[in-house]
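Shown next: query-v2.cif, containing mmCIF, C-alpha atoms.
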data_entry
loop_
_atom_site.group_PDB
_atom_site.id
_atom_site.type_symbol
_atom_site.label_atom_id
_atom_site.label_comp_id
_atom_site.auth_asym_id
_atom_site.auth_seq_id
_atom_site.Cartn_x
_atom_site.Cartn_y
_atom_site.Cartn_z
ATOM 1 C CA MET A 1 -190.038 80.658 -72.927
ATOM 2 C CA SER A 2 -189.347 81.797 -69.429
ATOM 3 C CA ASP A 3 -186.456 83.525 -67.702
ATOM 4 C CA ASP A 4 -187.173 81.540 -64.562
ATOM 5 C CA VAL A 5 -183.865 79.857 -63.708
ATOM 6 C CA SER A 6 -185.662 77.162 -61.734
ATOM 7 C CA ALA A 7 -187.277 76.074 -65.003
ATOM 8 C CA LEU A 8 -183.898 75.095 -66.455
ATOM 9 C CA PRO A 9 -183.022 71.404 -66.324
ATOM 10 C CA GLU A 10 -181.080 70.778 -63.108
ATOM 11 C CA ILE A 11 -178.865 68.075 -64.589
ATOM 12 C CA PRO A 12 -177.986 68.088 -68.313
ATOM 13 C CA ASP A 13 -178.630 64.956 -70.371
ATOM 14 C CA GLY A 14 -176.347 62.016 -69.853
ATOM 15 C CA TYR A 15 -175.094 62.974 -66.421
ATOM 16 C CA ILE A 16 -175.626 60.652 -63.470
ATOM 17 C CA THR A 17 -175.179 61.527 -59.811
ATOM 18 C CA LEU A 18 -172.105 60.073 -58.111
ATOM 19 C CA ASP A 19 -173.026 58.278 -54.922
ATOM 20 C CA TRP A 20 -170.233 59.687 -52.772
ATOM 21 C CA ARG A 21 -171.683 60.209 -49.318
ATOM 22 C CA HIS A 22 -168.706 60.002 -46.993
ATOM 23 C CA GLY A 23 -165.822 62.240 -46.018
ATOM 24 C CA PHE A 24 -164.756 65.244 -48.029
ATOM 25 C CA ALA A 25 -166.253 64.068 -51.322
ATOM 26 C CA GLY A 26 -169.640 63.627 -49.654
ATOM 27 C CA GLN A 27 -169.418 67.060 -48.087
ATOM 28 C CA ILE A 28 -168.718 68.981 -51.296
ATOM 29 C CA GLY A 29 -171.092 66.976 -53.531
ATOM 30 C CA PRO A 30 -173.236 66.107 -55.271
ATOM 31 C CA LEU A 31 -170.932 65.646 -58.243
ATOM 32 C CA TYR A 32 -172.090 64.233 -61.569
ATOM 33 C CA ARG A 33 -170.441 62.110 -64.245
ATOM 34 C CA ARG A 34 -171.065 61.549 -67.932
ATOM 35 C CA LEU A 35 -169.500 58.957 -70.204
ATOM 36 C CA ALA A 36 -169.695 59.763 -73.898
ATOM 37 C CA ALA A 37 -167.587 58.407 -76.748
ATOM 38 C CA GLY A 38 -165.265 56.719 -74.267
ATOM 39 C CA ARG A 39 -164.471 59.968 -72.468
ATOM 40 C CA ALA A 40 -165.593 60.879 -68.983
ATOM 41 C CA THR A 41 -166.487 64.335 -67.759
ATOM 42 C CA MET A 42 -167.542 65.358 -64.274
ATOM 43 C CA ALA A 43 -169.757 68.264 -63.316
ATOM 44 C CA PHE A 44 -171.338 70.162 -60.430
ATOM 45 C CA ARG A 45 -173.607 73.155 -60.009
ATOM 46 C CA VAL A 46 -172.181 76.047 -57.951
ATOM 47 C CA GLU A 47 -174.185 76.381 -54.738
ATOM 48 C CA GLU A 48 -173.726 78.953 -51.968
ATOM 49 C CA ARG A 49 -171.704 76.454 -49.941
ATOM 50 C CA HIS A 50 -169.146 76.248 -52.790
ATOM 51 C CA THR A 51 -168.515 79.987 -52.949
ATOM 52 C CA ASN A 52 -165.983 82.556 -51.749
ATOM 53 C CA GLY A 53 -166.761 86.059 -50.466
ATOM 54 C CA MET A 54 -167.437 87.260 -54.019
ATOM 55 C CA LEU A 55 -170.056 84.517 -54.550
ATOM 56 C CA ASN A 56 -167.844 82.830 -57.121
ATOM 57 C CA ALA A 57 -166.862 79.180 -56.799
ATOM 58 C CA HIS A 58 -164.048 79.014 -54.234
ATOM 59 C CA GLY A 59 -160.625 78.181 -55.662
ATOM 60 C CA GLY A 60 -160.388 75.281 -53.238
ATOM 61 C CA MET A 61 -163.620 73.824 -54.581
ATOM 62 C CA LEU A 62 -162.426 74.173 -58.172
ATOM 63 C CA MET A 63 -159.101 72.502 -57.345
ATOM 64 C CA THR A 64 -160.827 69.692 -55.489
ATOM 65 C CA PHE A 65 -163.157 69.191 -58.432
ATOM 66 C CA ALA A 66 -160.235 69.318 -60.895
ATOM 67 C CA ASP A 67 -158.305 66.755 -58.860
ATOM 68 C CA MET A 68 -161.253 64.355 -58.898
ATOM 69 C CA ALA A 69 -162.146 64.881 -62.562
ATOM 70 C CA TRP A 70 -158.608 64.782 -63.963
ATOM 71 C CA GLY A 71 -157.589 61.822 -61.787
ATOM 72 C CA HIS A 72 -160.756 60.056 -62.921
ATOM 73 C CA VAL A 73 -158.947 59.453 -66.238
ATOM 74 C CA VAL A 74 -156.777 56.955 -64.320
ATOM 75 C CA SER A 75 -159.914 55.221 -63.008
ATOM 76 C CA VAL A 76 -161.306 54.860 -66.520
ATOM 77 C CA GLU A 77 -158.039 53.688 -68.050
ATOM 78 C CA THR A 78 -156.797 51.338 -65.324
ATOM 79 C CA SER A 79 -159.738 50.497 -63.017
ATOM 80 C CA SER A 80 -157.442 51.301 -60.093
ATOM 81 C CA TYR A 81 -157.582 53.424 -57.002
ATOM 82 C CA TRP A 82 -155.069 56.262 -57.308
ATOM 83 C CA VAL A 83 -153.394 59.092 -55.446
ATOM 84 C CA THR A 84 -152.357 62.546 -56.592
ATOM 85 C CA VAL A 85 -148.614 63.186 -56.729
ATOM 86 C CA ARG A 86 -148.698 66.745 -58.079
ATOM 87 C CA LEU A 87 -151.413 69.077 -59.263
ATOM 88 C CA THR A 88 -150.877 72.399 -61.006
ATOM 89 C CA CYS A 89 -153.892 74.634 -61.512
ATOM 90 C CA ASP A 90 -154.043 77.843 -63.537
ATOM 91 C CA PHE A 91 -157.060 79.966 -62.665
ATOM 92 C CA LEU A 92 -158.308 81.665 -65.822
ATOM 93 C CA ALA A 93 -161.863 82.795 -65.061
ATOM 94 C CA ALA A 94 -164.403 82.736 -62.246
ATOM 95 C CA ALA A 95 -167.397 80.391 -61.875
ATOM 96 C CA LYS A 96 -170.528 82.098 -60.587
ATOM 97 C CA LEU A 97 -173.239 80.954 -58.232
ATOM 98 C CA GLY A 98 -175.651 78.755 -60.206
ATOM 99 C CA ASP A 99 -173.183 77.912 -63.001
ATOM 100 C CA TRP A 100 -172.964 74.342 -64.290
ATOM 101 C CA ILE A 101 -169.238 73.475 -64.208
ATOM 102 C CA GLU A 102 -167.662 70.604 -66.127
ATOM 103 C CA ALA A 103 -164.169 69.091 -66.197
ATOM 104 C CA GLY A 104 -162.219 66.406 -67.980
ATOM 105 C CA GLY A 105 -158.691 65.347 -68.786
ATOM 106 C CA GLU A 106 -156.564 63.351 -71.196
ATOM 107 C CA THR A 107 -153.454 61.290 -70.566
ATOM 108 C CA LEU A 108 -150.359 62.861 -72.109
ATOM 109 C CA SER A 109 -147.982 60.095 -71.072
ATOM 110 C CA VAL A 110 -147.425 57.215 -68.674
ATOM 111 C CA GLU A 111 -143.916 57.193 -67.264
ATOM 112 C CA ASP A 112 -142.613 54.925 -64.493
ATOM 113 C CA GLY A 113 -146.195 54.076 -63.597
ATOM 114 C CA LEU A 114 -147.168 57.746 -63.232
ATOM 115 C CA TYR A 115 -150.029 59.158 -65.305
ATOM 116 C CA ILE A 116 -149.461 62.671 -66.646
ATOM 117 C CA VAL A 117 -152.903 64.154 -67.314
ATOM 118 C CA ARG A 118 -153.704 67.480 -68.945
ATOM 119 C CA GLY A 119 -156.973 68.814 -67.636
ATOM 120 C CA ARG A 120 -159.490 71.552 -68.106
ATOM 121 C CA VAL A 121 -162.458 72.951 -66.138
ATOM 122 C CA TRP A 122 -165.082 74.889 -68.070
ATOM 123 C CA CYS A 123 -168.514 76.491 -68.013
ATOM 124 C CA GLY A 124 -170.199 76.400 -71.410
ATOM 125 C CA ASP A 125 -167.628 77.761 -73.872
ATOM 126 C CA ASN A 126 -165.594 79.440 -71.141
ATOM 127 C CA THR A 127 -162.425 77.762 -69.786
ATOM 128 C CA LEU A 128 -162.145 78.430 -66.040
ATOM 129 C CA MET A 129 -159.055 76.421 -65.199
ATOM 130 C CA SER A 130 -156.298 74.653 -67.046
ATOM 131 C CA GLY A 131 -153.698 72.433 -65.485
ATOM 132 C CA LEU A 132 -151.658 69.293 -65.175
ATOM 133 C CA GLY A 133 -152.005 66.372 -62.801
ATOM 134 C CA ILE A 134 -149.557 63.588 -61.998
ATOM 135 C CA PHE A 135 -151.376 60.570 -60.586
ATOM 136 C CA LYS A 136 -150.144 57.223 -59.287
ATOM 137 C CA PRO A 137 -152.422 54.195 -59.686
ATOM 138 C CA LEU A 138 -152.682 52.002 -56.583
ATOM 139 C CA LYS A 139 -154.249 48.540 -56.424
ATOM 140 C CA ARG A 140 -156.676 47.375 -59.084
ATOM 141 C CA ARG A 141 -160.363 47.010 -58.347
ATOM 142 C CA GLU A 142 -163.366 45.526 -60.186
ATOM 143 C CA PRO A 143 -163.885 47.441 -63.470
ATOM 144 C CA ARG A 144 -167.026 49.603 -63.570
ATOM 145 C CA ARG A 145 -169.269 50.372 -66.496
ATOM 146 C CA GLY A 146 -167.593 52.781 -68.908
ATOM 147 C CA GLU A 147 -164.039 51.877 -67.873
ATOM 148 C CA LYS A 148 -161.688 50.354 -70.441
ATOM 149 C CA ALA A 149 -161.372 47.003 -68.639
ATOM 150 C CA PHE A 150 -165.152 46.645 -68.199
ATOM 151 C CA ARG A 151 -166.853 43.778 -70.080
ATOM 152 C CA GLY A 152 -170.589 44.269 -69.896
ATOM 153 C CA MET B 1 -149.653 60.089 -18.549
ATOM 154 C CA SER B 2 -152.540 58.762 -20.552
ATOM 155 C CA ASP B 3 -152.968 57.482 -24.101
ATOM 156 C CA ASP B 4 -156.440 58.990 -24.215
ATOM 157 C CA VAL B 5 -156.438 61.178 -27.341
ATOM 158 C CA SER B 6 -159.340 63.218 -26.013
ATOM 159 C CA ALA B 7 -157.028 64.360 -23.193
ATOM 160 C CA LEU B 8 -154.763 66.153 -25.663
ATOM 161 C CA PRO B 9 -155.294 69.893 -26.021
ATOM 162 C CA GLU B 10 -157.721 70.467 -28.891
ATOM 163 C CA ILE B 11 -156.097 73.703 -30.059
ATOM 164 C CA PRO B 12 -152.370 74.302 -29.489
ATOM 165 C CA ASP B 13 -151.268 77.478 -27.735
ATOM 166 C CA GLY B 14 -151.440 80.708 -29.673
ATOM 167 C CA TYR B 15 -154.003 79.576 -32.235
ATOM 168 C CA ILE B 16 -157.302 81.411 -32.584
ATOM 169 C CA THR B 17 -160.366 80.203 -34.465
ATOM 170 C CA LEU B 18 -161.083 81.966 -37.754
ATOM 171 C CA ASP B 19 -164.650 83.188 -37.895
ATOM 172 C CA TRP B 20 -165.409 82.036 -41.438
ATOM 173 C CA ARG B 21 -168.998 80.864 -41.471
ATOM 174 C CA HIS B 22 -170.134 81.319 -45.050
ATOM 175 C CA GLY B 23 -169.619 79.524 -48.329
ATOM 176 C CA PHE B 24 -166.878 77.000 -48.909
ATOM 177 C CA ALA B 25 -164.572 78.270 -46.154
ATOM 178 C CA GLY B 26 -167.384 77.918 -43.627
ATOM 179 C CA GLN B 27 -168.150 74.423 -44.813
ATOM 180 C CA ILE B 28 -164.613 73.038 -44.485
ATOM 181 C CA GLY B 29 -163.736 74.847 -41.222
ATOM 182 C CA PRO B 30 -163.050 75.529 -38.503
ATOM 183 C CA LEU B 31 -159.584 76.735 -39.448
ATOM 184 C CA TYR B 32 -157.171 78.304 -36.967
ATOM 185 C CA ARG B 33 -154.492 80.982 -37.229
ATOM 186 C CA ARG B 34 -151.429 81.852 -35.201
ATOM 187 C CA LEU B 35 -149.241 84.916 -35.486
ATOM 188 C CA ALA B 36 -145.767 84.513 -34.010
ATOM 189 C CA ALA B 37 -142.650 86.549 -34.705
ATOM 190 C CA GLY B 38 -144.393 88.312 -37.580
ATOM 191 C CA ARG B 39 -145.212 85.067 -39.385
ATOM 192 C CA ALA B 40 -148.662 83.590 -39.748
ATOM 193 C CA THR B 41 -149.500 79.903 -39.807
ATOM 194 C CA MET B 42 -152.894 78.313 -40.264
ATOM 195 C CA ALA B 43 -154.055 74.972 -38.931
ATOM 196 C CA PHE B 44 -156.926 72.504 -38.785
ATOM 197 C CA ARG B 45 -157.589 69.131 -37.214
ATOM 198 C CA VAL B 46 -158.491 66.320 -39.632
ATOM 199 C CA GLU B 47 -162.096 65.267 -39.042
ATOM 200 C CA GLU B 48 -164.039 62.500 -40.802
ATOM 201 C CA ARG B 49 -165.610 65.063 -43.142
ATOM 202 C CA HIS B 50 -162.115 66.032 -44.393
ATOM 203 C CA THR B 51 -161.098 62.502 -45.360
ATOM 204 C CA ASN B 52 -160.863 60.299 -48.436
ATOM 205 C CA GLY B 53 -161.697 56.568 -48.616
ATOM 206 C CA MET B 54 -158.469 55.708 -46.787
ATOM 207 C CA LEU B 55 -159.395 57.986 -43.864
ATOM 208 C CA ASN B 56 -156.533 60.344 -44.729
ATOM 209 C CA ALA B 57 -157.119 64.041 -45.324
ATOM 210 C CA HIS B 58 -158.502 64.382 -48.864
ATOM 211 C CA GLY B 59 -156.134 65.952 -51.381
ATOM 212 C CA GLY B 60 -158.785 68.552 -52.160
ATOM 213 C CA MET B 61 -158.945 69.566 -48.514
ATOM 214 C CA LEU B 62 -155.159 69.855 -48.313
ATOM 215 C CA MET B 63 -155.038 71.974 -51.474
ATOM 216 C CA THR B 64 -157.857 74.203 -50.246
ATOM 217 C CA PHE B 65 -156.051 74.621 -46.940
ATOM 218 C CA ALA B 66 -152.735 75.304 -48.719
ATOM 219 C CA ASP B 67 -154.373 77.911 -50.950
ATOM 220 C CA MET B 68 -155.788 79.741 -47.946
ATOM 221 C CA ALA B 69 -152.645 79.506 -45.812
ATOM 222 C CA TRP B 70 -150.131 80.387 -48.532
ATOM 223 C CA GLY B 71 -152.282 83.196 -49.919
ATOM 224 C CA HIS B 72 -152.660 84.506 -46.384
ATOM 225 C CA VAL B 73 -149.098 85.810 -46.736
ATOM 226 C CA VAL B 74 -150.521 88.397 -49.144
ATOM 227 C CA SER B 75 -153.126 89.399 -46.559
ATOM 228 C CA VAL B 76 -150.451 89.915 -43.910
ATOM 229 C CA GLU B 77 -148.100 91.815 -46.204
ATOM 230 C CA THR B 78 -150.580 94.010 -48.088
ATOM 231 C CA SER B 79 -153.899 94.044 -46.153
ATOM 232 C CA SER B 80 -155.625 93.313 -49.441
ATOM 233 C CA TYR B 81 -158.135 90.849 -50.729
ATOM 234 C CA TRP B 82 -156.485 88.544 -53.260
ATOM 235 C CA VAL B 83 -157.123 85.852 -55.840
ATOM 236 C CA THR B 84 -155.098 82.798 -56.775
ATOM 237 C CA VAL B 85 -153.535 82.830 -60.240
ATOM 238 C CA ARG B 86 -151.693 79.502 -60.071
ATOM 239 C CA LEU B 87 -151.174 76.880 -57.413
ATOM 240 C CA THR B 88 -148.790 73.942 -57.655
ATOM 241 C CA CYS B 89 -149.009 71.292 -54.954
ATOM 242 C CA ASP B 90 -146.623 68.364 -54.443
ATOM 243 C CA PHE B 91 -148.119 65.668 -52.244
ATOM 244 C CA LEU B 92 -145.372 64.157 -50.103
ATOM 245 C CA ALA B 93 -147.131 62.336 -47.254
ATOM 246 C CA ALA B 94 -150.627 61.623 -45.958
ATOM 247 C CA ALA B 95 -152.424 63.356 -43.078
ATOM 248 C CA LYS B 96 -154.425 60.999 -40.889
ATOM 249 C CA LEU B 97 -157.749 61.359 -39.147
ATOM 250 C CA GLY B 98 -157.161 63.320 -35.923
ATOM 251 C CA ASP B 99 -153.867 64.900 -37.047
ATOM 252 C CA TRP B 100 -153.222 68.597 -36.348
ATOM 253 C CA ILE B 101 -152.133 70.071 -39.696
ATOM 254 C CA GLU B 102 -150.312 73.383 -40.085
ATOM 255 C CA ALA B 103 -149.286 75.461 -43.088
ATOM 256 C CA GLY B 104 -147.429 78.643 -43.886
ATOM 257 C CA GLY B 105 -145.631 80.395 -46.707
ATOM 258 C CA GLU B 106 -143.008 82.986 -47.517
ATOM 259 C CA THR B 107 -142.844 85.482 -50.367
ATOM 260 C CA LEU B 108 -140.060 84.662 -52.815
ATOM 261 C CA SER B 109 -140.670 87.653 -55.075
ATOM 262 C CA VAL B 110 -143.165 90.293 -56.141
ATOM 263 C CA GLU B 111 -143.243 90.754 -59.899
ATOM 264 C CA ASP B 112 -145.722 92.879 -61.867
ATOM 265 C CA GLY B 113 -147.952 92.973 -58.799
ATOM 266 C CA LEU B 114 -148.003 89.175 -58.475
ATOM 267 C CA TYR B 115 -146.851 87.540 -55.239
ATOM 268 C CA ILE B 116 -144.789 84.361 -55.672
ATOM 269 C CA VAL B 117 -145.155 82.400 -52.440
ATOM 270 C CA ARG B 118 -143.343 79.194 -51.485
ATOM 271 C CA GLY B 119 -145.467 77.163 -49.125
ATOM 272 C CA ARG B 120 -145.455 74.107 -46.978
ATOM 273 C CA VAL B 121 -148.072 71.988 -45.155
ATOM 274 C CA TRP B 122 -146.878 69.861 -42.241
ATOM 275 C CA CYS B 123 -147.862 67.681 -39.292
ATOM 276 C CA GLY B 124 -145.333 67.883 -36.476
ATOM 277 C CA ASP B 125 -141.919 67.297 -38.061
ATOM 278 C CA ASN B 126 -143.428 65.688 -41.149
ATOM 279 C CA THR B 127 -143.862 67.715 -44.378
ATOM 280 C CA LEU B 128 -147.089 66.670 -46.120
ATOM 281 C CA MET B 129 -147.117 69.070 -49.027
ATOM 282 C CA SER B 130 -144.749 71.520 -50.661
ATOM 283 C CA GLY B 131 -145.677 73.939 -53.364
ATOM 284 C CA LEU B 132 -145.782 77.337 -54.989
ATOM 285 C CA GLY B 133 -148.581 79.849 -55.213
ATOM 286 C CA ILE B 134 -148.963 82.898 -57.439
ATOM 287 C CA PHE B 135 -151.412 85.375 -55.948
ATOM 288 C CA LYS B 136 -152.763 88.706 -57.164
ATOM 289 C CA PRO B 137 -153.729 91.310 -54.557
ATOM 290 C CA LEU B 138 -157.054 93.046 -55.225
ATOM 291 C CA LYS B 139 -158.358 96.144 -53.439
ATOM 292 C CA ARG B 140 -156.979 97.173 -50.073
ATOM 293 C CA ARG B 141 -159.019 96.794 -46.904
ATOM 294 C CA GLU B 142 -158.650 97.946 -43.284
ATOM 295 C CA PRO B 143 -155.468 96.374 -41.785
ATOM 296 C CA ARG B 144 -156.102 93.720 -39.136
ATOM 297 C CA ARG B 145 -154.073 92.937 -36.052
ATOM 298 C CA GLY B 146 -150.851 91.137 -36.986
ATOM 299 C CA GLU B 147 -150.697 92.531 -40.522
ATOM 300 C CA LYS B 148 -147.784 94.733 -41.559
ATOM 301 C CA ALA B 149 -149.915 97.849 -42.124
ATOM 302 C CA PHE B 150 -151.700 97.492 -38.773
ATOM 303 C CA ARG B 151 -151.078 100.223 -36.183
ATOM 304 C CA GLY B 152 -152.508 99.066 -32.884
#
Take the structure in this file and express it as structure tokens.
Amino acid sequence: MSDDVSALPEIPDGYITLDWRHGFAGQIGPLYRRLAAGRATMAFRVEERHTNGMLNAHGGMLMTFADMAWGHVVSVETSSYWVTVRLTCDFLAAAKLGDWIEAGGETLSVEDGLYIVRGRVWCGDNTLMSGLGIFKPLKRREPRRGEKAFRG
Amino acid sequence: MSDDVSALPEIPDGYITLDWRHGFAGQIGPLYRRLAAGRATMAFRVEERHTNGMLNAHGGMLMTFADMAWGHVVSVETSSYWVTVRLTCDFLAAAKLGDWIEAGGETLSVEDGLYIVRGRVWCGDNTLMSGLGIFKPLKRREPRRGEKAFRG
């Protein structure tokens, strides 16, 4: 055993790197995704460039991550592009430099074509953020592996 | 007259560049601030690195910007560091590549030491985002020019 942090696995089992290289998503990445038992979670490791003055993950980074991870439920369920209509984020605890942060959501209802998603962001057993997203699917695209419409 | 966009003033009158070089704020900047008639607004110009796949400002960037600009009300009123407790963002319209985006907020109430701030993000006459922030002031710091406690 060693206390050397660099000896820890960089990316936990099952996670793959998302190939988002452009625009804002490319700038804040890399983000990671895991599909297990039909549910998707996203993750990232807190680097210096994600932090605020207290060396915790910046609230803006956590909200951006929550938006992507909670809205991703719409991708998995509908294989559509989507936009965010409303996002509410409750900040419960801080994420520290080096932490491995995960997020996921579940659809509470679909009303007038709007997806109401309850989401969570966590680090290990610790919930960092809880919230609700309202997302609007746009046009359909080719289903990807792990999405409900995908036939592999 | 010319349609050459590069001929437009890069930074509207009264705005100064915020010197935030570290962490997440440094990565998404530069941001700008203007103090007029005792009210502060923040601004940024949408660059490629702020965009989503549709070349509009990414929702995460707009929320990050809203968080900073609406919470800035607490800085001006209390000369304190602060954290975000809850942020609710309603997305009303898109910001396009090259747009000059501004934001500001006003305190609706102060309850149990929490600041309830109503905020807006706009581009010209067009409101892009409306929302509510709940912010908690932390320890006081030296007042800066333009803040209520500042004696110049």
Can you build me a table of chain B residues sitting at most 12 Å from chain A, with the closest atom pair per residue and its distance in Å to one decimal, using only C-alpha atoms, sorted by chain and residue number, as a tab-separated table?
residue	atom	partner	partner_atom	distance
B:Trp20	CA	A:Gly53	CA	10.0
B:Arg21	CA	A:Arg49	CA	9.9
B:His22	CA	A:Arg49	CA	7.1
B:Gly23	CA	A:Arg49	CA	4.0
B:Phe24	CA	A:His50	CA	4.6
B:Ala25	CA	A:Asn52	CA	7.2
B:Gly26	CA	A:Arg49	CA	7.8
B:Gln27	CA	A:Arg49	CA	6.6
B:Ile28	CA	A:Gln27	CA	8.5
B:Gly29	CA	A:Phe24	CA	11.8
B:Val46	CA	A:Phe24	CA	10.5
B:Glu47	CA	A:Gly23	CA	8.5
B:Glu48	CA	A:Gly23	CA	5.5
B:Arg49	CA	A:Gly23	CA	4.0
B:His50	CA	A:Phe24	CA	4.6
B:Thr51	CA	A:Gly23	CA	4.8
B:Asn52	CA	A:Gly23	CA	5.8
B:Gly53	CA	A:Gly23	CA	7.5
B:Met54	CA	A:Gly23	CA	9.9
B:Leu55	CA	A:Gly23	CA	8.0
B:Asn56	CA	A:Gly23	CA	9.6
B:Ala57	CA	A:Phe24	CA	8.2
B:His58	CA	A:Phe24	CA	6.4
B:Gly59	CA	A:Thr64	CA	7.3
B:Gly60	CA	A:Thr64	CA	4.1
B:Met61	CA	A:Thr64	CA	7.2
B:Leu62	CA	A:Gly60	CA	9.0
B:Met63	CA	A:Gly60	CA	6.5
B:Thr64	CA	A:Gly60	CA	4.1
B:Phe65	CA	A:Gly60	CA	7.7
B:Ala66	CA	A:Gly60	CA	8.9
B:Asp67	CA	A:Gly60	CA	7.0
B:Met68	CA	A:Gly60	CA	8.3
B:Ala69	CA	A:Gly60	CA	11.5
B:Gly71	CA	A:Gly59	CA	11.3
B:Tyr81	CA	A:Gly53	CA	9.9
B:Trp82	CA	A:Gly53	CA	10.9
B:Val83	CA	A:Gly59	CA	8.4
B:Thr84	CA	A:Phe91	CA	6.8
B:Val85	CA	A:Phe91	CA	5.1
B:Arg86	CA	A:Asp90	CA	4.5
B:Leu87	CA	A:Cys89	CA	5.4
B:Thr88	CA	A:Thr88	CA	4.2
B:Cys89	CA	A:Leu87	CA	5.4
B:Asp90	CA	A:Arg86	CA	4.5
B:Phe91	CA	A:Val85	CA	5.1
B:Leu92	CA	A:Val85	CA	7.4
B:Ala93	CA	A:Val85	CA	9.6
B:Ala94	CA	A:Val83	CA	10.2
B:Leu97	CA	A:Gly23	CA	10.6
B:Leu128	CA	A:Val85	CA	11.3
B:Met129	CA	A:Arg86	CA	9.5
B:Ser130	CA	A:Arg86	CA	9.7
B:Gly131	CA	A:Arg86	CA	9.1
B:Leu132	CA	A:Thr88	CA	9.3
B:Gly133	CA	A:Thr88	CA	9.7
B:Ile134	CA	A:Asp90	CA	9.4
B:Phe135	CA	A:Phe91	CA	10.3
B:Lys136	CA	A:Phe91	CA	11.2
B:Leu138	CA	A:Met54	CA	11.9
Pick from B:Gly124, B:Gly146, B:Gly104, B:Gly14, whichever lies nearest to Thr41 (chain B) using only C-alpha atoms: B:Gly104
Non-local contacts of region 105-107 of chain A (7 Å; all atoms listed in the file; under 2 positions in same chain excluded) as an MDAnalysis selection string: chainID A and resid 70 73 109 115:120
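Atom to atom, CA of Ala40 (chain B) and CA of Asp112 (chain B) stand 24.2 Å apart.
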Within 8 Å of Ala43 (chain A) using all atoms listed in the file, minus same-chain residues under 3 positions, as JSON, numbers by chain: {"A": [31, 32, 33, 100, 101, 102, 103]}
Atomic separation - CA of Trp122 (chain B) relative to CA of Ser80 (chain B), Å: 26.0 Å
Counting all atoms listed in the file, the residue of A:Arg45, A:Asp125, A:Ile16, A:Ala149 that sits nearest Gly98 (chain A):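 Residue with the minimum atom-to-atom distance to Gly98 (chain A): A:Arg45.
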Interatomic distance (Å, one decimal) between CA of Cys123 (chain A) and CA of Asp99 (chain A): 7.0 Å
Enclosing box along x, y and z for every listed atom of region 89-102 of chain A, padded 5 Å each side, centre and size in Å, one decimal, as lines of an AutoDock Vina configuration file:
center_x = -164.8
center_y = 76.7
center_z = -62.2
size_x = 31.8
size_y = 22.2
size_z = 17.9
Proximity to Arg140 (chain A) - best of A:Val121, A:Ala95, A:Val110, A:Val76, all atoms listed in the file: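 The closest residue to Arg140 (chain A) is A:Val76.
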Nearest-residue call for Arg39 (chain B), choices B:His72, B:Pro12, B:Leu114, B:Lys96, using all atoms listed in the file: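 Of B:His72, B:Pro12, B:Leu114, B:Lys96, the one nearest Arg39 (chain B) is B:His72, counting all atoms listed in the file.
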Point (-163.3, 47.9, -64.0) neighbourhood (10 Å, all atoms listed in the file) written as a ChimeraX atom specification: /A:75-80,140-151
